[in-house]
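To be precise, the following lines are structure-v2.cif, and they hold mmCIF, C-alpha atoms, pLDDT in the B column; chains and numbers go by the auth columns.
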```cif
data_my_file
loop_
_atom_site.group_PDB
_atom_site.id
_atom_site.type_symbol
_atom_site.label_atom_id
_atom_site.label_comp_id
_atom_site.label_asym_id
_atom_site.label_seq_id
_atom_site.Cartn_x
_atom_site.Cartn_y
_atom_site.Cartn_z
_atom_site.B_iso_or_equiv
_atom_site.auth_seq_id
_atom_site.auth_asym_id
ATOM 1 C CA MET A 1 -228.581 26.198 3.383 64.00 13 A
ATOM 2 C CA THR A 2 -226.867 23.766 5.666 82.00 14 A
ATOM 3 C CA LYS A 3 -228.594 21.429 8.047 78.00 15 A
ATOM 4 C CA LEU A 4 -227.354 23.477 11.015 79.00 16 A
ATOM 5 C CA ALA A 5 -228.761 26.711 9.608 78.00 17 A
ATOM 6 C CA THR A 6 -232.072 25.025 8.845 83.00 18 A
ATOM 7 C CA ARG A 7 -232.327 23.647 12.364 81.00 19 A
ATOM 8 C CA LEU A 8 -231.499 27.047 13.851 80.00 20 A
ATOM 9 C CA CYS A 9 -234.176 28.698 11.719 80.00 21 A
ATOM 10 C CA MET A 10 -236.738 26.066 12.698 81.00 22 A
ATOM 11 C CA SER A 11 -235.826 26.383 16.379 80.00 23 A
ATOM 12 C CA ALA A 12 -236.110 30.162 16.199 80.00 24 A
ATOM 13 C CA ALA A 13 -239.515 29.883 14.501 79.00 25 A
ATOM 14 C CA VAL A 14 -240.807 27.446 17.129 75.00 26 A
ATOM 15 C CA LEU A 15 -239.485 29.645 19.947 74.00 27 A
ATOM 16 C CA ALA A 16 -241.025 32.789 18.430 72.00 28 A
ATOM 17 C CA THR A 17 -244.376 31.009 17.955 74.00 29 A
ATOM 18 C CA GLY A 18 -244.294 29.872 21.595 65.00 30 A
ATOM 19 C CA LEU A 19 -243.505 33.374 22.830 64.00 31 A
ATOM 20 C CA LEU A 20 -246.208 34.990 20.731 64.00 32 A
ATOM 21 C CA ALA A 21 -248.776 32.423 21.839 64.00 33 A
ATOM 22 C CA GLY A 22 -247.903 33.238 25.450 61.00 34 A
ATOM 23 C CA CYS A 23 -248.539 36.949 24.814 61.00 35 A
ATOM 24 C CA ARG A 24 -252.191 36.534 23.889 61.00 36 A
ATOM 25 C CA TYR A 25 -254.601 38.873 25.701 58.00 37 A
ATOM 26 C CA ASP A 26 -257.083 36.898 27.781 63.00 38 A
ATOM 27 C CA GLY A 27 -259.266 39.869 28.832 64.00 39 A
ATOM 28 C CA THR A 28 -258.093 40.004 32.443 67.00 40 A
ATOM 29 C CA GLY A 29 -254.983 42.188 32.146 63.00 41 A
ATOM 30 C CA THR A 30 -254.530 45.900 31.675 64.00 42 A
ATOM 31 C CA LYS A 31 -254.523 46.997 28.067 62.00 43 A
ATOM 32 C CA MET A 32 -251.670 49.172 26.903 63.00 44 A
ATOM 33 C CA GLN A 33 -252.546 52.179 24.790 63.00 45 A
ATOM 34 C CA TRP A 34 -249.846 52.425 22.119 65.00 46 A
ATOM 35 C CA ALA A 35 -250.988 55.661 20.505 63.00 47 A
ATOM 36 C CA PRO A 36 -252.953 57.652 23.087 61.00 48 A
ATOM 37 C CA ASP A 37 -253.039 60.766 20.926 62.00 49 A
ATOM 38 C CA MET A 38 -255.429 59.087 18.535 61.00 50 A
ATOM 39 C CA ALA A 39 -258.015 58.325 21.252 61.00 51 A
ATOM 40 C CA ASP A 40 -257.574 61.521 23.255 63.00 52 A
ATOM 41 C CA SER A 41 -256.856 63.981 20.511 63.00 53 A
ATOM 42 C CA PRO A 42 -257.207 67.711 21.002 62.00 54 A
ATOM 43 C CA ALA A 43 -259.495 67.945 17.964 65.00 55 A
ATOM 44 C CA ASN A 44 -262.600 70.096 18.337 65.00 56 A
ATOM 45 C CA LYS A 45 -265.766 68.193 19.093 65.00 57 A
ATOM 46 C CA ALA A 46 -269.089 69.031 17.460 67.00 58 A
ATOM 47 C CA GLN A 47 -270.817 72.089 18.966 66.00 59 A
ATOM 48 C CA ARG A 48 -267.757 72.929 21.104 67.00 60 A
ATOM 49 C CA THR A 49 -265.057 75.483 20.656 65.00 61 A
ATOM 50 C CA TYR A 50 -261.848 76.454 22.366 68.00 62 A
ATOM 51 C CA LEU A 51 -262.300 80.151 21.740 73.00 63 A
ATOM 52 C CA ASP A 52 -262.319 82.399 24.787 78.00 64 A
ATOM 53 C CA PRO A 53 -265.665 84.031 25.572 78.00 65 A
ATOM 54 C CA PRO A 54 -266.046 87.657 24.502 84.00 66 A
ATOM 55 C CA GLU A 55 -264.497 90.185 26.854 88.00 67 A
ATOM 56 C CA GLY A 56 -266.937 91.380 29.515 85.00 68 A
ATOM 57 C CA SER A 57 -269.392 88.521 28.975 85.00 69 A
ATOM 58 C CA VAL A 58 -270.999 86.803 31.974 81.00 70 A
ATOM 59 C CA ALA A 59 -272.317 83.264 32.170 80.00 71 A
ATOM 60 C CA MET A 60 -276.103 83.046 32.459 80.00 72 A
ATOM 61 C CA ASN A 61 -275.976 81.028 35.702 77.00 73 A
ATOM 62 C CA SER A 62 -273.289 83.087 37.436 77.00 74 A
ATOM 63 C CA ILE A 63 -273.717 84.998 40.687 75.00 75 A
ATOM 64 C CA LEU A 64 -272.237 88.468 40.652 77.00 76 A
ATOM 65 C CA TYR A 65 -270.726 88.970 44.085 83.00 77 A
ATOM 66 C CA VAL A 66 -270.175 92.401 45.541 86.00 78 A
ATOM 67 C CA LYS A 67 -266.881 93.468 47.103 89.00 79 A
ATOM 68 C CA THR A 68 -267.890 94.277 50.679 89.00 80 A
ATOM 69 C CA PRO A 69 -270.340 92.907 53.251 89.00 81 A
ATOM 70 C CA GLU A 70 -271.956 96.329 53.468 89.00 82 A
ATOM 71 C CA GLU A 71 -272.798 96.259 49.752 90.00 83 A
ATOM 72 C CA ALA A 72 -274.100 92.706 50.123 88.00 84 A
ATOM 73 C CA GLU A 73 -276.283 93.785 53.017 87.00 85 A
ATOM 74 C CA GLN A 74 -277.910 96.427 50.839 89.00 86 A
ATOM 75 C CA LEU A 75 -278.274 94.355 47.659 87.00 87 A
ATOM 76 C CA TYR A 76 -278.950 90.747 48.663 88.00 88 A
ATOM 77 C CA GLY A 77 -282.150 89.482 50.219 88.00 89 A
ATOM 78 C CA MET A 78 -283.635 86.114 51.120 89.00 90 A
ATOM 79 C CA PRO A 79 -285.099 84.523 47.968 89.00 91 A
ATOM 80 C CA GLU A 80 -288.839 83.871 48.258 89.00 92 A
ATOM 81 C CA MET A 81 -288.362 80.277 47.143 90.00 93 A
ATOM 82 C CA ILE A 82 -286.227 79.616 50.241 88.00 94 A
ATOM 83 C CA ALA A 83 -288.252 81.773 52.614 88.00 95 A
ATOM 84 C CA ASN A 84 -291.426 79.853 51.682 90.00 96 A
ATOM 85 C CA ASP A 85 -289.906 76.346 51.529 88.00 97 A
ATOM 86 C CA PRO A 86 -291.829 74.154 54.018 88.00 98 A
ATOM 87 C CA ARG A 87 -288.741 71.976 54.592 89.00 99 A
ATOM 88 C CA GLY A 88 -286.461 75.013 54.801 86.00 100 A
ATOM 89 C CA MET A 89 -286.095 74.961 58.580 89.00 101 A
ATOM 90 C CA GLU A 90 -284.872 71.361 58.725 91.00 102 A
ATOM 91 C CA LYS A 91 -282.512 71.938 55.785 93.00 103 A
ATOM 92 C CA GLY A 92 -281.142 75.062 57.441 92.00 104 A
ATOM 93 C CA LYS A 93 -280.732 73.315 60.802 93.00 105 A
ATOM 94 C CA HIS A 94 -278.786 70.448 59.227 94.00 106 A
ATOM 95 C CA LEU A 95 -276.521 72.838 57.308 94.00 107 A
ATOM 96 C CA PHE A 96 -275.996 75.046 60.371 93.00 108 A
ATOM 97 C CA GLU A 97 -275.031 72.002 62.433 92.00 109 A
ATOM 98 C CA THR A 98 -272.597 70.914 59.728 92.00 110 A
ATOM 99 C CA PHE A 99 -270.831 74.193 58.967 91.00 111 A
ATOM 100 C CA CYS A 100 -271.521 76.679 61.786 91.00 112 A
ATOM 101 C CA GLN A 101 -272.137 74.799 65.015 89.00 113 A
ATOM 102 C CA PRO A 102 -268.542 73.563 65.507 88.00 114 A
ATOM 103 C CA CYS A 103 -267.429 77.156 66.134 88.00 115 A
ATOM 104 C CA HIS A 104 -270.561 79.171 66.921 89.00 116 A
ATOM 105 C CA GLY A 105 -272.277 76.526 69.063 87.00 117 A
ATOM 106 C CA ALA A 106 -275.701 74.925 68.740 87.00 118 A
ATOM 107 C CA ASN A 107 -277.489 78.115 69.777 89.00 119 A
ATOM 108 C CA ALA A 108 -275.164 80.480 67.809 84.00 120 A
ATOM 109 C CA LYS A 109 -273.989 82.180 70.994 86.00 121 A
ATOM 110 C CA GLY A 110 -270.325 81.472 70.250 83.00 122 A
ATOM 111 C CA GLY A 111 -268.424 78.323 71.037 74.00 123 A
ATOM 112 C CA LYS A 112 -265.258 77.775 72.996 74.00 124 A
ATOM 113 C CA LEU A 113 -262.213 77.298 70.827 76.00 125 A
ATOM 114 C CA PRO A 114 -258.621 77.561 72.042 78.00 126 A
ATOM 115 C CA GLY A 115 -257.426 81.104 71.406 79.00 127 A
ATOM 116 C CA ILE A 116 -260.465 82.053 69.308 81.00 128 A
ATOM 117 C CA VAL A 117 -263.739 83.553 70.465 83.00 129 A
ATOM 118 C CA PRO A 118 -266.386 83.223 67.736 87.00 130 A
ATOM 119 C CA PRO A 119 -268.983 85.986 67.965 87.00 131 A
ATOM 120 C CA ASP A 120 -272.412 85.541 69.499 87.00 132 A
ATOM 121 C CA LEU A 121 -274.626 85.676 66.396 89.00 133 A
ATOM 122 C CA THR A 122 -277.737 86.165 68.534 90.00 134 A
ATOM 123 C CA HIS A 123 -276.423 89.483 69.909 90.00 135 A
ATOM 124 C CA GLU A 124 -278.592 92.452 68.977 90.00 136 A
ATOM 125 C CA SER A 125 -275.836 93.932 66.804 89.00 137 A
ATOM 126 C CA TYR A 126 -276.117 90.861 64.552 90.00 138 A
ATOM 127 C CA GLN A 127 -279.909 90.726 64.784 89.00 139 A
ATOM 128 C CA GLY A 128 -280.001 94.167 63.191 89.00 140 A
ATOM 129 C CA ARG A 129 -277.970 93.002 60.198 90.00 141 A
ATOM 130 C CA LYS A 130 -279.755 92.152 56.968 91.00 142 A
ATOM 131 C CA ASP A 131 -279.572 88.720 55.345 91.00 143 A
ATOM 132 C CA GLY A 132 -277.127 89.849 52.662 91.00 144 A
ATOM 133 C CA PHE A 133 -274.456 90.500 55.316 93.00 145 A
ATOM 134 C CA PHE A 134 -274.590 86.899 56.517 92.00 146 A
ATOM 135 C CA PHE A 135 -274.669 85.595 52.953 93.00 147 A
ATOM 136 C CA TYR A 136 -271.445 87.467 52.223 92.00 148 A
ATOM 137 C CA ARG A 137 -269.768 86.303 55.447 93.00 149 A
ATOM 138 C CA ILE A 138 -270.697 82.649 54.886 93.00 150 A
ATOM 139 C CA THR A 139 -269.434 82.863 51.298 92.00 151 A
ATOM 140 C CA PHE A 140 -266.131 84.660 51.908 92.00 152 A
ATOM 141 C CA GLY A 141 -265.497 84.308 55.651 90.00 153 A
ATOM 142 C CA ALA A 142 -264.214 86.916 58.105 87.00 154 A
ATOM 143 C CA ASN A 143 -261.100 87.184 60.258 85.00 155 A
ATOM 144 C CA VAL A 144 -260.270 83.559 61.184 84.00 156 A
ATOM 145 C CA MET A 145 -263.563 82.159 59.895 87.00 157 A
ATOM 146 C CA PRO A 146 -263.049 80.438 56.550 89.00 158 A
ATOM 147 C CA GLY A 147 -265.385 81.139 53.676 91.00 159 A
ATOM 148 C CA TYR A 148 -267.759 78.304 52.840 90.00 160 A
ATOM 149 C CA GLY A 149 -268.607 79.450 49.319 89.00 161 A
ATOM 150 C CA TYR A 150 -266.610 76.535 47.939 89.00 162 A
ATOM 151 C CA ALA A 151 -268.475 73.952 50.046 91.00 163 A
ATOM 152 C CA THR A 152 -272.051 75.226 49.879 91.00 164 A
ATOM 153 C CA THR A 153 -274.372 76.317 47.126 91.00 165 A
ATOM 154 C CA ALA A 154 -275.977 79.741 47.225 90.00 166 A
ATOM 155 C CA ALA A 155 -279.301 78.139 48.202 92.00 167 A
ATOM 156 C CA GLU A 156 -277.673 76.253 51.095 93.00 168 A
ATOM 157 C CA ARG A 157 -276.223 79.506 52.430 94.00 169 A
ATOM 158 C CA TRP A 158 -279.691 81.057 52.416 94.00 170 A
ATOM 159 C CA TYR A 159 -281.055 78.044 54.318 95.00 171 A
ATOM 160 C CA ILE A 160 -278.347 78.538 56.948 94.00 172 A
ATOM 161 C CA ILE A 161 -279.369 82.186 57.305 94.00 173 A
ATOM 162 C CA ARG A 162 -283.000 81.169 57.645 94.00 174 A
ATOM 163 C CA HIS A 163 -282.080 78.858 60.553 93.00 175 A
ATOM 164 C CA LEU A 164 -279.876 81.550 62.095 93.00 176 A
ATOM 165 C CA ARG A 165 -282.837 83.945 62.098 92.00 177 A
ATOM 166 C CA LEU A 166 -284.840 81.339 63.999 91.00 178 A
ATOM 167 C CA LEU A 167 -282.063 81.067 66.585 91.00 179 A
ATOM 168 C CA GLN A 168 -281.940 84.855 66.873 89.00 180 A
ATOM 169 C CA LYS A 169 -285.690 85.017 67.546 87.00 181 A
ATOM 170 C CA GLY A 170 -285.321 82.458 70.344 78.00 182 A
ATOM 171 C CA ALA A 171 -282.491 84.371 72.017 66.00 183 A
#
```

Please, can you express the file's structure as structure tokens?
Amino acid sequence: MTKLATRLCMSAAVLATGLLAGCRYDGTGTKMQWAPDMADSPANKAQRTYLDPPEGSVAMNSILYVKTPEEAEQLYGMPEMIANDPRGMEKGKHLFETFCQPCHGANAKGGKLPGIVPPDLTHESYQGRKDGFFFYRITFGANVMPGYGYATTAAERWYIIRHLRLLQKGA
């Protein structure tokens, strides 16, 4: 090897060492994941499966909703746990103020919205309705009212109905 070739090799080695030393990870940067499939593999985990559940099966914690408000009115009733909850009135009031009051007003007599007239929920036609009707309407909505089933739990909907019944008694 000639002196020139030796010097070039030495220079390249020094340059490579300097570059590699500058690439050290100091713990403050973002780590690159070179083979993400190894960390996030689609392999089955213990006690889990990717099989579909048997046809017609129902999850143990599911709520089976009916198709119409009339069916709901006949089948659903206020759970005793919610009807007897000592803090139920304050929970229901807070939830009513959050979800219902903007349109129906603080006293449920119907608010004033441009182009929309929400119904007076204290009217005797609504007082005669059973709790299941309101549960269905809060869950799925009606006309221009959106359903709040996505934003509230089933228990929260019952608390709202409990507060609505209090407002209806005061009307």

Requested in this report: Could you tell me which residues the PyMOL selection byres ((chain A and resi 87-103) around 12) grabs in this file, written as an MDAnalysis selection string?
Outcome: chainID A and resid 75:86 104:110 141:148 166:179

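Our summary of the geometry notes that CA of Asp64 in chain A is positioned 27.3 Å from CA of Ala163 in chain A.
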
Query - Atomic separation - CA of Gly122 in chain A relative to CA of His135 in chain A, Å - result: 10.1 Å

Report task. Output the residue selection produced by the PyMOL selection byres ((chain A and resi 129-132) around 10) on the file above, formatted as JSON, numbers by chain. Result -> {"A": [115, 116, 117, 119, 120, 121, 122, 123, 124, 125, 126, 127, 128, 133, 134, 135, 136, 137, 138, 155, 156, 157, 180]}

I'd like the box whose edges run along x, y and z of the file and which contains every listed atom of range 113-124 of chain A, padded by 4 Å per side; could you state its centre and edge lengths in Å, one decimal, as JSON?
```
{"center_x": -271.4, "center_y": 77.9, "center_z": 69.0, "size_x": 20.2, "size_y": 16.6, "size_z": 16.0}
```
